[in-house]
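Heads up, run.pdb below (PDB, C-alpha atoms (C1' of nucleotides)):
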```
ATOM      1  CA  MET A1023      37.184 -28.396 -34.635
ATOM      2  CA  PRO A1024      36.067 -27.949 -31.146
ATOM      3  CA  GLU A1025      32.868 -28.835 -29.449
ATOM      4  CA  LEU A1026      31.918 -28.062 -25.867
ATOM      5  CA  PRO A1027      34.620 -30.233 -24.185
ATOM      6  CA  GLU A1028      37.416 -28.781 -26.292
ATOM      7  CA  VAL A1029      36.277 -25.203 -25.746
ATOM      8  CA  GLU A1030      35.843 -25.902 -22.039
ATOM      9  CA  ASN A1031      39.440 -27.093 -21.825
ATOM     10  CA  ILE A1032      40.696 -24.054 -23.675
ATOM     11  CA  LYS A1033      38.740 -21.896 -21.255
ATOM     12  CA  LYS A1034      40.401 -23.582 -18.279
ATOM     13  CA  ASP A1035      43.829 -23.247 -19.881
ATOM     14  CA  LEU A1036      43.281 -19.573 -20.642
ATOM     15  CA  ARG A1037      42.171 -18.925 -17.080
ATOM     16  CA  LYS A1038      45.441 -20.317 -15.823
ATOM     17  CA  THR A1039      47.595 -18.421 -18.260
ATOM     18  CA  LEU A1040      45.873 -15.135 -19.068
ATOM     19  CA  ILE A1041      44.023 -13.781 -16.051
ATOM     20  CA  GLY A1042      45.609 -10.618 -14.721
ATOM     21  CA  LYS A1043      47.840 -10.125 -17.749
ATOM     22  CA  GLN A1044      48.040  -6.803 -19.529
ATOM     23  CA  ILE A1045      48.054  -6.488 -23.293
ATOM     24  CA  GLN A1046      51.014  -4.607 -24.640
ATOM     25  CA  ARG A1047      50.916  -5.057 -28.391
ATOM     26  CA  VAL A1048      48.557  -6.604 -30.926
ATOM     27  CA  PHE A1049      49.335  -7.858 -34.433
ATOM     28  CA  VAL A1050      46.479  -8.568 -36.815
ATOM     29  CA  TYR A1051      47.763 -10.642 -39.727
ATOM     30  CA  THR A1052      44.409 -11.431 -41.339
ATOM     31  CA  GLU A1053      41.909  -8.616 -41.158
ATOM     32  CA  LYS A1054      38.849 -10.599 -42.131
ATOM     33  CA  MET A1055      39.169 -12.789 -39.033
ATOM     34  CA  ILE A1056      38.446  -9.965 -36.646
ATOM     35  CA  LYS A1057      35.472  -7.751 -36.075
ATOM     36  CA  VAL A1058      34.534  -4.834 -33.879
ATOM     37  CA  GLY A1059      30.930  -4.584 -32.687
ATOM     38  CA  ALA A1060      27.854  -6.766 -32.814
ATOM     39  CA  GLY A1061      27.142  -6.762 -36.545
ATOM     40  CA  LYS A1062      26.581  -9.894 -38.572
ATOM     41  CA  ILE A1063      29.422 -12.380 -38.727
ATOM     42  CA  SER A1064      28.988 -12.724 -42.475
ATOM     43  CA  ASN A1065      30.173  -9.134 -42.830
ATOM     44  CA  ILE A1066      33.456 -10.166 -41.300
ATOM     45  CA  LYS A1067      34.963 -10.964 -44.669
ATOM     46  CA  LYS A1068      34.918  -7.253 -45.363
ATOM     47  CA  GLY A1069      37.394  -6.687 -42.542
ATOM     48  CA  SER A1070      38.685  -3.152 -42.996
ATOM     49  CA  LYS A1071      41.817  -1.220 -42.052
ATOM     50  CA  LYS A1072      39.725   1.096 -39.929
ATOM     51  CA  GLN A1073      38.217  -1.773 -37.969
ATOM     52  CA  THR A1074      41.628  -3.330 -37.494
ATOM     53  CA  GLN A1075      43.027  -0.073 -36.148
ATOM     54  CA  GLU A1076      40.170   0.214 -33.698
ATOM     55  CA  PHE A1077      40.602  -3.423 -32.640
ATOM     56  CA  ILE A1078      44.296  -2.913 -31.929
ATOM     57  CA  LYS A1079      43.840   0.438 -30.244
ATOM     58  CA  THR A1080      41.070  -0.788 -27.938
ATOM     59  CA  LEU A1081      42.933  -3.926 -26.887
ATOM     60  CA  LYS A1082      46.105  -2.087 -26.072
ATOM     61  CA  ASN A1083      46.809  -1.834 -22.311
ATOM     62  CA  LYS A1084      43.651  -3.741 -21.387
ATOM     63  CA  ARG A1085      43.854  -6.354 -18.658
ATOM     64  CA  ILE A1086      42.386  -9.855 -18.849
ATOM     65  CA  LEU A1087      39.839 -10.191 -16.061
ATOM     66  CA  GLU A1088      37.991 -13.442 -16.718
ATOM     67  CA  ILE A1089      37.408 -16.170 -19.307
ATOM     68  CA  GLN A1090      34.034 -17.784 -19.815
ATOM     69  CA  ARG A1091      32.450 -20.264 -22.157
ATOM     70  CA  ARG A1092      28.936 -20.235 -23.562
ATOM     71  CA  ALA A1093      28.177 -23.092 -25.982
ATOM     72  CA  LYS A1094      31.217 -23.186 -28.279
ATOM     73  CA  TYR A1095      32.021 -19.517 -27.710
ATOM     74  CA  LEU A1096      34.813 -18.181 -25.549
ATOM     75  CA  ILE A1097      34.285 -14.842 -23.872
ATOM     76  CA  ILE A1098      37.337 -13.024 -22.598
ATOM     77  CA  SER A1099      36.437 -10.166 -20.263
ATOM     78  CA  LEU A1100      38.762  -7.199 -20.438
ATOM     79  CA  SER A1101      39.110  -4.149 -18.267
ATOM     80  CA  GLN A1102      36.794  -1.193 -18.999
ATOM     81  CA  LYS A1103      33.877  -3.493 -19.906
ATOM     82  CA  HIS A1104      35.231  -4.763 -23.157
ATOM     83  CA  PHE A1105      34.944  -8.360 -24.292
ATOM     84  CA  LEU A1106      36.629 -10.564 -26.839
ATOM     85  CA  VAL A1107      34.177 -13.143 -28.206
ATOM     86  CA  ILE A1108      35.867 -16.021 -30.002
ATOM     87  CA  HIS A1109      34.511 -18.911 -32.035
ATOM     88  CA  LEU A1110      37.061 -21.449 -33.276
ATOM     89  CA  ARG A1111      34.708 -23.114 -35.789
ATOM     90  CA  MET A1112      36.529 -26.020 -37.476
ATOM     91  CA  SER A1113      40.215 -25.337 -37.098
ATOM     92  CA  GLY A1114      40.853 -22.420 -34.754
ATOM     93  CA  GLN A1115      43.627 -22.718 -32.169
ATOM     94  CA  LEU A1116      44.628 -20.499 -29.270
ATOM     95  CA  ILE A1117      48.230 -21.112 -28.278
ATOM     96  CA  PHE A1118      50.035 -19.376 -25.437
ATOM     97  CA  ARG A1119      53.833 -19.149 -25.349
ATOM     98  CA  ASN A1120      56.221 -17.456 -22.999
ATOM     99  CA  LYS A1121      59.486 -15.965 -24.132
ATOM    100  CA  LYS A1122      61.449 -19.179 -23.728
ATOM    101  CA  GLN A1123      58.800 -21.385 -25.351
ATOM    102  CA  LEU A1124      58.714 -19.116 -28.390
ATOM    103  CA  LYS A1125      61.945 -20.576 -29.652
ATOM    104  CA  GLU A1126      60.662 -24.157 -29.489
ATOM    105  CA  PRO A1127      58.875 -25.420 -32.592
ATOM    106  CA  LEU A1128      55.441 -26.907 -31.905
ATOM    107  CA  LEU A1129      53.571 -29.796 -33.485
ATOM    108  CA  LEU A1130      50.270 -28.086 -34.230
ATOM    109  CA  SER A1131      48.455 -30.870 -36.016
ATOM    110  CA  VAL A1132      48.093 -34.603 -35.553
ATOM    111  CA  ALA A1133      48.245 -35.309 -39.303
ATOM    112  CA  LYS A1134      50.753 -37.978 -40.351
ATOM    113  CA  ASN A1135      53.063 -35.623 -42.224
ATOM    114  CA  ALA A1136      52.713 -32.731 -39.793
ATOM    115  CA  VAL A1137      55.883 -30.752 -39.182
ATOM    116  CA  LYS A1138      56.881 -28.816 -36.090
ATOM    117  CA  GLU A1139      56.529 -25.087 -36.596
ATOM    118  CA  LYS A1140      57.414 -21.904 -34.791
ATOM    119  CA  LEU A1141      54.829 -19.217 -34.195
ATOM    120  CA  PRO A1142      53.645 -17.092 -35.828
ATOM    121  CA  ASN A1143      53.250 -19.235 -38.956
ATOM    122  CA  LYS A1144      51.255 -18.788 -42.154
ATOM    123  CA  HIS A1145      48.041 -19.757 -40.368
ATOM    124  CA  THR A1146      48.477 -17.272 -37.538
ATOM    125  CA  HIS A1147      45.890 -14.512 -37.906
ATOM    126  CA  LEU A1148      46.298 -12.703 -34.614
ATOM    127  CA  GLU A1149      49.080 -12.310 -32.079
ATOM    128  CA  ILE A1150      48.602 -10.669 -28.713
ATOM    129  CA  VAL A1151      51.732  -9.719 -26.787
ATOM    130  CA  PHE A1152      51.476  -9.368 -23.028
ATOM    131  CA  LYS A1153      53.845  -7.658 -20.662
ATOM    132  CA  GLY A1154      56.828  -9.920 -20.155
ATOM    133  CA  GLU A1155      56.927 -11.050 -23.808
ATOM    134  CA  GLN A1156      54.302 -13.728 -23.377
ATOM    135  CA  ARG A1157      52.125 -14.230 -26.407
ATOM    136  CA  LEU A1158      48.748 -15.614 -27.384
ATOM    137  CA  PHE A1159      48.409 -16.757 -31.000
ATOM    138  CA  TYR A1160      45.216 -17.350 -32.907
ATOM    139  CA  ASN A1161      45.844 -19.901 -35.685
ATOM    140  CA  ASP A1162      43.165 -21.112 -38.039
ATOM    141  CA  ILE A1163      43.916 -23.191 -41.132
ATOM    142  CA  ARG A1164      40.462 -22.971 -42.657
ATOM    143  CA  GLN A1165      39.778 -19.424 -41.525
ATOM    144  CA  PHE A1166      36.197 -20.117 -40.497
ATOM    145  CA  GLY A1167      36.633 -18.843 -36.973
ATOM    146  CA  HIS A1168      36.495 -15.268 -35.795
ATOM    147  CA  LEU A1169      37.288 -12.962 -32.932
ATOM    148  CA  ARG A1170      35.199  -9.954 -32.147
ATOM    149  CA  LEU A1171      35.659  -7.084 -29.799
ATOM    150  CA  VAL A1172      32.518  -5.722 -28.176
ATOM    151  CA  ASN A1173      31.226  -3.706 -25.264
ATOM    152  CA  GLN A1174      28.729  -4.951 -22.668
ATOM    153  CA  LYS A1175      25.667  -3.983 -24.668
ATOM    154  CA  GLU A1176      26.957  -5.552 -27.867
ATOM    155  CA  LEU A1177      27.851  -8.718 -25.989
ATOM    156  CA  GLU A1178      24.263  -9.067 -24.843
ATOM    157  CA  GLU A1179      23.016  -8.309 -28.336
ATOM    158  CA  ILE A1180      25.181 -11.034 -29.877
ATOM    159  CA  PHE A1181      23.923 -13.757 -27.578
ATOM    160  CA  GLU A1182      20.330 -12.613 -27.877
ATOM    161  CA  ASN A1183      20.561 -12.942 -31.641
ATOM    162  CA  LEU A1184      22.161 -16.355 -31.396
ATOM    163  CA  SER A1185      19.254 -17.707 -29.279
ATOM    164  CA  LEU A1186      21.374 -20.579 -28.026
ATOM    165  CA  GLY A1187      19.687 -23.500 -26.337
ATOM    166  CA  PRO A1188      20.578 -24.533 -22.780
ATOM    167  CA  GLU A1189      23.988 -25.805 -21.730
ATOM    168  CA  PRO A1190      23.698 -29.598 -21.661
ATOM    169  CA  LEU A1191      25.762 -29.981 -18.491
ATOM    170  CA  SER A1192      23.513 -27.775 -16.403
ATOM    171  CA  LEU A1193      20.290 -29.062 -17.905
ATOM    172  CA  SER A1194      17.838 -31.101 -15.831
ATOM    173  CA  PHE A1195      15.992 -34.079 -17.244
ATOM    174  CA  GLU A1196      12.785 -32.081 -16.901
ATOM    175  CA  GLY A1197      14.290 -29.347 -19.045
ATOM    176  CA  PHE A1198      15.544 -31.896 -21.550
ATOM    177  CA  LYS A1199      12.094 -33.458 -21.818
ATOM    178  CA  GLU A1200      10.597 -30.070 -22.404
ATOM    179  CA  ILE A1201      12.854 -29.216 -25.328
ATOM    180  CA  SER A1202      12.400 -32.705 -26.749
ATOM    181  CA  GLU A1203       8.677 -31.993 -26.789
ATOM    182  CA  THR A1204       9.220 -28.649 -28.532
ATOM    183  CA  TYR A1205      11.490 -30.159 -31.199
ATOM    184  CA  LYS A1206       9.936 -33.615 -31.395
ATOM    185  CA  ARG A1207       9.742 -33.531 -35.218
ATOM    186  CA  LYS A1208      13.520 -33.472 -35.585
ATOM    187  CA  ARG A1209      15.651 -36.514 -36.189
ATOM    188  CA  ALA A1210      17.762 -37.346 -33.142
ATOM    189  CA  LYS A1211      20.973 -36.279 -34.877
ATOM    190  CA  ASP A1212      19.555 -32.925 -36.025
ATOM    191  CA  PHE A1213      18.130 -32.387 -32.567
ATOM    192  CA  LEU A1214      21.537 -32.751 -30.933
ATOM    193  CA  LEU A1215      23.381 -30.645 -33.495
ATOM    194  CA  ASP A1216      20.972 -27.705 -33.476
ATOM    195  CA  GLN A1217      22.548 -25.041 -31.267
ATOM    196  CA  ARG A1218      19.187 -23.396 -30.630
ATOM    197  CA  VAL A1219      17.896 -26.650 -29.142
ATOM    198  CA  ILE A1220      20.869 -27.622 -26.940
ATOM    199  CA  SER A1221      24.154 -25.793 -27.279
ATOM    200  CA  GLY A1222      27.710 -27.041 -27.458
ATOM    201  CA  ILE A1223      27.248 -30.511 -28.954
ATOM    202  CA  GLY A1224      28.769 -31.194 -32.379
ATOM    203  CA  ASN A1225      29.375 -34.110 -34.689
ATOM    204  CA  ILE A1226      31.643 -36.162 -32.420
ATOM    205  CA  TYR A1227      29.646 -36.103 -29.224
ATOM    206  CA  SER A1228      26.261 -36.457 -30.902
ATOM    207  CA  ASP A1229      27.409 -39.707 -32.542
ATOM    208  CA  GLU A1230      29.012 -40.927 -29.328
ATOM    209  CA  ALA A1231      25.963 -40.139 -27.172
ATOM    210  CA  LEU A1232      23.569 -41.768 -29.655
ATOM    211  CA  PHE A1233      25.650 -44.929 -29.875
ATOM    212  CA  ARG A1234      25.825 -45.312 -26.117
ATOM    213  CA  SER A1235      22.073 -44.790 -25.951
ATOM    214  CA  LYS A1236      21.425 -47.373 -28.710
ATOM    215  CA  ILE A1237      19.433 -44.786 -30.660
ATOM    216  CA  ASN A1238      19.645 -44.590 -34.442
ATOM    217  CA  PRO A1239      20.593 -41.054 -35.513
ATOM    218  CA  SER A1240      17.651 -40.967 -37.961
ATOM    219  CA  ARG A1241      15.041 -41.697 -35.279
ATOM    220  CA  LYS A1242      12.507 -38.953 -34.809
ATOM    221  CA  ILE A1243      12.496 -37.491 -31.339
ATOM    222  CA  TYR A1244       8.769 -38.117 -30.909
ATOM    223  CA  SER A1245       9.360 -41.850 -31.383
ATOM    224  CA  LEU A1246      11.683 -42.097 -28.372
ATOM    225  CA  LYS A1247      10.296 -43.806 -25.297
ATOM    226  CA  GLU A1248      10.816 -42.088 -21.968
ATOM    227  CA  ALA A1249      13.537 -44.600 -21.057
ATOM    228  CA  GLU A1250      15.407 -43.849 -24.303
ATOM    229  CA  LEU A1251      15.138 -40.127 -23.768
ATOM    230  CA  LYS A1252      16.505 -40.588 -20.274
ATOM    231  CA  LYS A1253      19.414 -42.672 -21.552
ATOM    232  CA  LEU A1254      20.194 -40.090 -24.206
ATOM    233  CA  PHE A1255      20.111 -37.322 -21.619
ATOM    234  CA  GLN A1256      22.479 -39.245 -19.328
ATOM    235  CA  ASN A1257      24.844 -40.252 -22.112
ATOM    236  CA  ILE A1258      25.156 -36.691 -23.392
ATOM    237  CA  LYS A1259      26.376 -35.692 -19.939
ATOM    238  CA  LEU A1260      28.540 -38.792 -19.688
ATOM    239  CA  VAL A1261      30.429 -38.280 -22.949
ATOM    240  CA  LEU A1262      30.810 -34.546 -22.425
ATOM    241  CA  ASN A1263      32.108 -34.998 -18.884
ATOM    242  CA  GLU A1264      34.459 -37.808 -19.846
ATOM    243  CA  ALA A1265      35.756 -35.764 -22.777
ATOM    244  CA  ILE A1266      36.304 -32.702 -20.612
ATOM    245  CA  SER A1267      38.305 -34.802 -18.122
ATOM    246  CA  ALA A1268      40.385 -36.286 -20.945
ATOM    247  CA  GLY A1269      41.255 -32.839 -22.293
ATOM    248  CA  GLY A1270      38.942 -33.075 -25.320
ATOM    249  CA  SER A1271      39.367 -34.877 -28.652
ATOM    250  CA  SER A1272      42.222 -34.051 -31.019
ATOM    251  CA  ILE A1273      41.047 -35.123 -34.467
ATOM    252  CA  ASP A1274      43.315 -32.964 -36.533
ATOM    253  CA  SER A1275      44.270 -29.571 -35.288
ATOM    254  CA  PHE A1276      42.698 -29.331 -31.856
ATOM    255  CA  LYS A1277      45.332 -28.252 -29.385
ATOM    256  CA  ARG A1278      45.270 -27.172 -25.804
ATOM    257  CA  VAL A1279      46.621 -23.724 -25.088
ATOM    258  CA  ASN A1280      50.003 -25.263 -24.202
ATOM    259  CA  GLY A1281      50.114 -27.136 -27.528
ATOM    260  CA  ASN A1282      49.189 -30.547 -26.088
ATOM    261  CA  SER A1283      46.577 -32.811 -27.645
ATOM    262  CA  GLY A1284      43.323 -34.006 -26.101
ATOM    263  CA  LYS A1285      43.162 -37.663 -25.144
ATOM    264  CA  TYR A1286      39.496 -38.440 -25.683
ATOM    265  CA  THR A1287      40.002 -39.416 -29.337
ATOM    266  CA  GLU A1288      41.057 -42.915 -28.312
ATOM    267  CA  LYS A1289      37.809 -43.322 -26.386
ATOM    268  CA  HIS A1290      35.621 -42.682 -29.427
ATOM    269  CA  LEU A1291      33.424 -45.718 -30.018
ATOM    270  CA  VAL A1292      31.957 -44.670 -33.379
ATOM    271  CA  TYR A1293      33.011 -41.206 -34.518
ATOM    272  CA  GLY A1294      35.420 -41.516 -37.436
ATOM    273  CA  ARG A1295      35.226 -45.323 -37.300
ATOM    274  CA  SER A1296      32.976 -46.084 -40.250
ATOM    275  CA  GLY A1297      33.739 -49.562 -41.618
ATOM    276  CA  PHE A1298      35.423 -50.701 -38.427
ATOM    277  CA  PRO A1299      33.680 -53.240 -36.207
ATOM    278  CA  CYS A1300      31.073 -52.083 -33.739
ATOM    279  CA  PRO A1301      32.653 -52.330 -30.287
ATOM    280  CA  VAL A1302      29.561 -54.179 -29.057
ATOM    281  CA  CYS A1303      28.329 -56.529 -31.820
ATOM    282  CA  LYS A1304      31.386 -56.480 -34.143
ATOM    283  CA  ARG A1305      29.319 -55.715 -37.257
ATOM    284  CA  LYS A1306      30.715 -53.014 -39.526
ATOM    285  CA  LEU A1307      29.829 -49.485 -38.458
ATOM    286  CA  LEU A1308      27.864 -47.553 -41.060
ATOM    287  CA  SER A1309      27.871 -43.909 -42.017
ATOM    288  CA  LYS A1310      25.180 -41.735 -43.454
ATOM    289  CA  LYS A1311      24.682 -38.051 -44.174
ATOM    290  CA  ILE A1312      22.109 -36.499 -41.905
ATOM    291  CA  GLY A1313      21.550 -32.808 -42.335
ATOM    292  CA  SER A1314      24.751 -32.486 -44.421
ATOM    293  CA  ARG A1315      26.891 -34.014 -41.638
ATOM    294  CA  THR A1316      28.264 -37.547 -41.598
ATOM    295  CA  SER A1317      26.835 -39.731 -38.847
ATOM    296  CA  THR A1318      28.572 -42.953 -37.915
ATOM    297  CA  TYR A1319      26.509 -45.574 -36.134
ATOM    298  CA  CYS A1320      25.846 -49.267 -35.749
ATOM    299  CA  GLY A1321      22.910 -50.371 -37.902
ATOM    300  CA  TYR A1322      22.316 -53.316 -35.596
ATOM    301  CA  CYS A1323      22.793 -51.917 -32.087
ATOM    302  CA  GLN A1324      21.178 -48.540 -32.695
ATOM    303  CA  LYS A1325      17.451 -48.996 -33.199
TER     304      LYS A1325
ATOM    305  C1'  DC B  64       8.218 -21.593 -39.133
ATOM    306  C1'  DT B  65      11.420 -25.814 -41.243
ATOM    307  C1'  DT B  66      14.541 -28.148 -44.677
ATOM    308  C1'  DG B  67      18.211 -28.333 -47.554
ATOM    309  C1'  DC B  68      22.096 -26.808 -49.759
ATOM    310  C1'  DG B  69      25.970 -23.810 -51.153
ATOM    311  C1'  DA B  70      29.421 -20.845 -49.255
ATOM    312  C1'  DC B  71      33.214 -19.889 -46.464
ATOM    313  C1'  DC B  72      38.768 -21.931 -46.601
ATOM    314  C1'  DT B  73      42.998 -24.973 -46.595
ATOM    315  C1'  DG B  74      44.721 -29.287 -45.964
ATOM    316  C1'  DT B  75      44.729 -34.417 -45.816
ATOM    317  C1'  DT B  76      43.376 -38.893 -47.325
ATOM    318  C1'  DG B  77      42.081 -42.648 -50.150
ATOM    319  C1'  DG B  78      41.229 -44.515 -54.580
ATOM    320  C1'  DC B  79      42.637 -45.266 -59.092
TER     321       DC B  79
ATOM    322  C1'  DT C  68      54.574 -42.042 -57.817
ATOM    323  C1'  DG C  69      50.804 -38.551 -59.209
ATOM    324  C1'  DC C  70      46.335 -36.600 -59.643
ATOM    325  C1'  DC C  71      41.831 -35.532 -58.160
ATOM    326  C1'  DA C  72      37.699 -36.015 -55.724
ATOM    327  C1'  DA C  73      35.842 -36.334 -51.288
ATOM    328  C1'  DC C  74      35.966 -35.076 -46.891
ATOM    329  C1'  DA C  75      37.077 -32.513 -42.340
ATOM    330  C1'  DG C  76      35.243 -30.788 -34.427
ATOM    331  C1'  DG C  77      30.720 -25.361 -37.724
ATOM    332  C1'  DT C  78      27.794 -22.071 -38.721
ATOM    333  C1'  DC C  79      25.333 -18.677 -41.889
ATOM    334  C1'  DG C  80      22.326 -17.031 -45.443
ATOM    335  C1'  DC C  81      19.154 -17.812 -48.748
ATOM    336  C1'  DA C  82      15.590 -20.235 -51.528
ATOM    337  C1'  DA C  83      11.736 -23.089 -51.476
TER     338       DA C  83
END
```

Target encoding structure tokens, full file:
Amino acid sequence: MPELPEVENIKKDLRKTLIGKQIQRVFVYTEKMIKVGAGKISNIKKGSKKQTQEFIKTLKNKRILEIQRRAKYLIISLSQKHFLVIHLRMSGQLIFRNKKQLKEPLLLSVAKNAVKEKLPNKHTHLEIVFKGEQRLFYNDIRQFGHLRLVNQKELEEIFENLSLGPEPLSLSFEGFKEISETYKRKRAKDFLLDQRVISGIGNIYSDEALFRSKINPSRKIYSLKEAELKKLFQNIKLVLNEAISAGGSSIDSFKRVNGNSGKYTEKHLVYGRSGFPCPVCKRKLLSKKIGSRTSTYCGYCQK
DNA sequence: CTTGCGACCTGTTGGC
DNA sequence: TGCCAACAGGTCGCAA
């Protein structure tokens, strides 16, 4: 589900709601979604009772000190140098409810036949109860996401192993040019999606940035003129910043921590609009698989 | 090293 | 209406 703007909004929401709170109780409903330590994520499916017990025991009575984002990861700092590292992957949601809100059913998806539900529901995998009966729920329909509990050293180990590329919003054009030189053999779409090249961009914002830059997603990076590279660099920042301000894009299940949707979806010029007219030239937008992801683009405007 | 593809899951949509 | 294939904000691991 979420790319950088969505995760950034969740981070901001969590800062407002969670900082200073103390964890009272923890319910793990789906063991394979959680992990303790810095081991490989693929081992997560072996989620064990022992690990779950340790997860619950360690979280208990901890305080929330700070929430940060790196790429599409959320890092929740807890007292006594423990950290909760969360990746929402395609369909993860973090929803916060106070005692009164708990009784109100929530619309957790934007699908046509979506029904309001109370929490926890069948897609709730973790529930954290804070003092005062306020709760944070982790829901994840597709169960691709994960939450892991680590100490300082393990936190560093995780991010070292990930070798994430720079954050696009704090990247200079000089830095962008440098990585474009290093990865010049990639197609533009692959370049933007590769988290070790630049981190935080996914399928929506890569398509949107390429369209606004009039660059075909299949173009090789080495073929881009300096002016095109510059436009791409600026448009990445533009779409990410606009999306952050709009609260992100709610395609299906993306929800803010209060259950609200993001409003950037209506600003999408190409993502999810294959077959519809190009907003500039009115020709039908095309779609094509690039690196096993669907890219939507205008065959006429994007050279 | 890169590339490509299946795997991981459940749910929704569009075509017949 | 029903069924069934294709597809969905993302990585990860493995083979070539």

Convert the output of the PyMOL selection byres ((chain A) within 6 of (chain C)) on the shown file into explicit residues, formatted as a PyMOL selection string.
-> chain A and resi 1023-1025+1111-1112

Considering all atoms listed in the file, state which residue in the set A:Leu1186, A:Ala1231, A:Ile1063, A:Leu1087 is at the smallest distance from chain B.
->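 Checking each of A:Leu1186, A:Ala1231, A:Ile1063, A:Leu1087 against chain B, counting all atoms listed in the file, the winner is A:Ile1063.
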
Return as a list in words the residues belonging to chain B that are within 7 Å of chain A, counting all atoms listed in the file.
->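 Here is what falls inside 7 Å: DC71, DC72 and DT73 of chain B.
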
Once the PyMOL selection byres ((chain A and resi 1202) around 10) has been applied to the shown file, what residues remain in the selection, as a list in words?
->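 Going through the file, the PyMOL selection byres ((chain A and resi 1202) around 10) ends up selecting Glu1196, Gly1197, Phe1198, Lys1199, Glu1200, Ile1201, Glu1203, Thr1204, Tyr1205, Lys1206, Arg1207, Lys1208, Ala1210, Phe1213, Val1219, Ile1220, Ile1243, Tyr1244, Leu1246 and Leu1251 of chain A.
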
Name the residues within 9 Å of (31.0, -22.9, -22.1), counting only C-alpha atoms (C1' of nucleotides) in the file's coordinates, and put them as a PyMOL selection string.
-> chain A and resi 1026-1027+1029-1030+1033+1090-1097+1189+1222

Interatomic distance between CA of Val1279 in chain A and CA of Thr1052 in chain A?
-> 20.5 Å

In Å, with one decimal, what is the gap from C1' of DG78 in chain B to CA of Gly1297 in chain A?
->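 Pair C1' of DG78 in chain B / CA of Gly1297 in chain A returns 15.8 Å.
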
How many Å separate CA of Leu1171 in chain A from CA of Ser1283 in chain A?
-> 28.0 Å

Taking all listed atoms of chain B, build the axis-aligned box, pad each of the six sides by 3 Å, then write its centre and edge lengths in Å to one decimal as lines of an AutoDock Vina configuration file.
```
center_x = 26.5
center_y = -32.6
center_z = -49.1
size_x = 42.5
size_y = 31.4
size_z = 26.0
```

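What the PyMOL selection byres ((chain A and resi 1098-1103) around 8) matches in the given file is A:Lys1084, A:Arg1085, A:Ile1086, A:Leu1087, A:Glu1088, A:Ile1089, A:Gln1090, A:Leu1096, A:Ile1097, A:His1104, A:Phe1105, A:Leu1106, A:Val1107, A:Asn1173, A:Gln1174.
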
Which residues, written as a PyMOL selection string, have at least one atom at most 12 Å from Tyr1293 in chain A, with only C-alpha atoms (C1' of nucleotides) counted and residues fewer than 2 positions away on the same chain left out?
-> (chain A and resi 1224-1234+1271+1273+1286-1291+1295-1298+1300-1301+1307-1310+1315-1320) or (chain C and resi 76)

Leu1262 in chain A: which residues within 9 Å, counting all atoms listed in the file, same-chain residues fewer than 3 positions away excluded, as a count of residues only?
-> 14
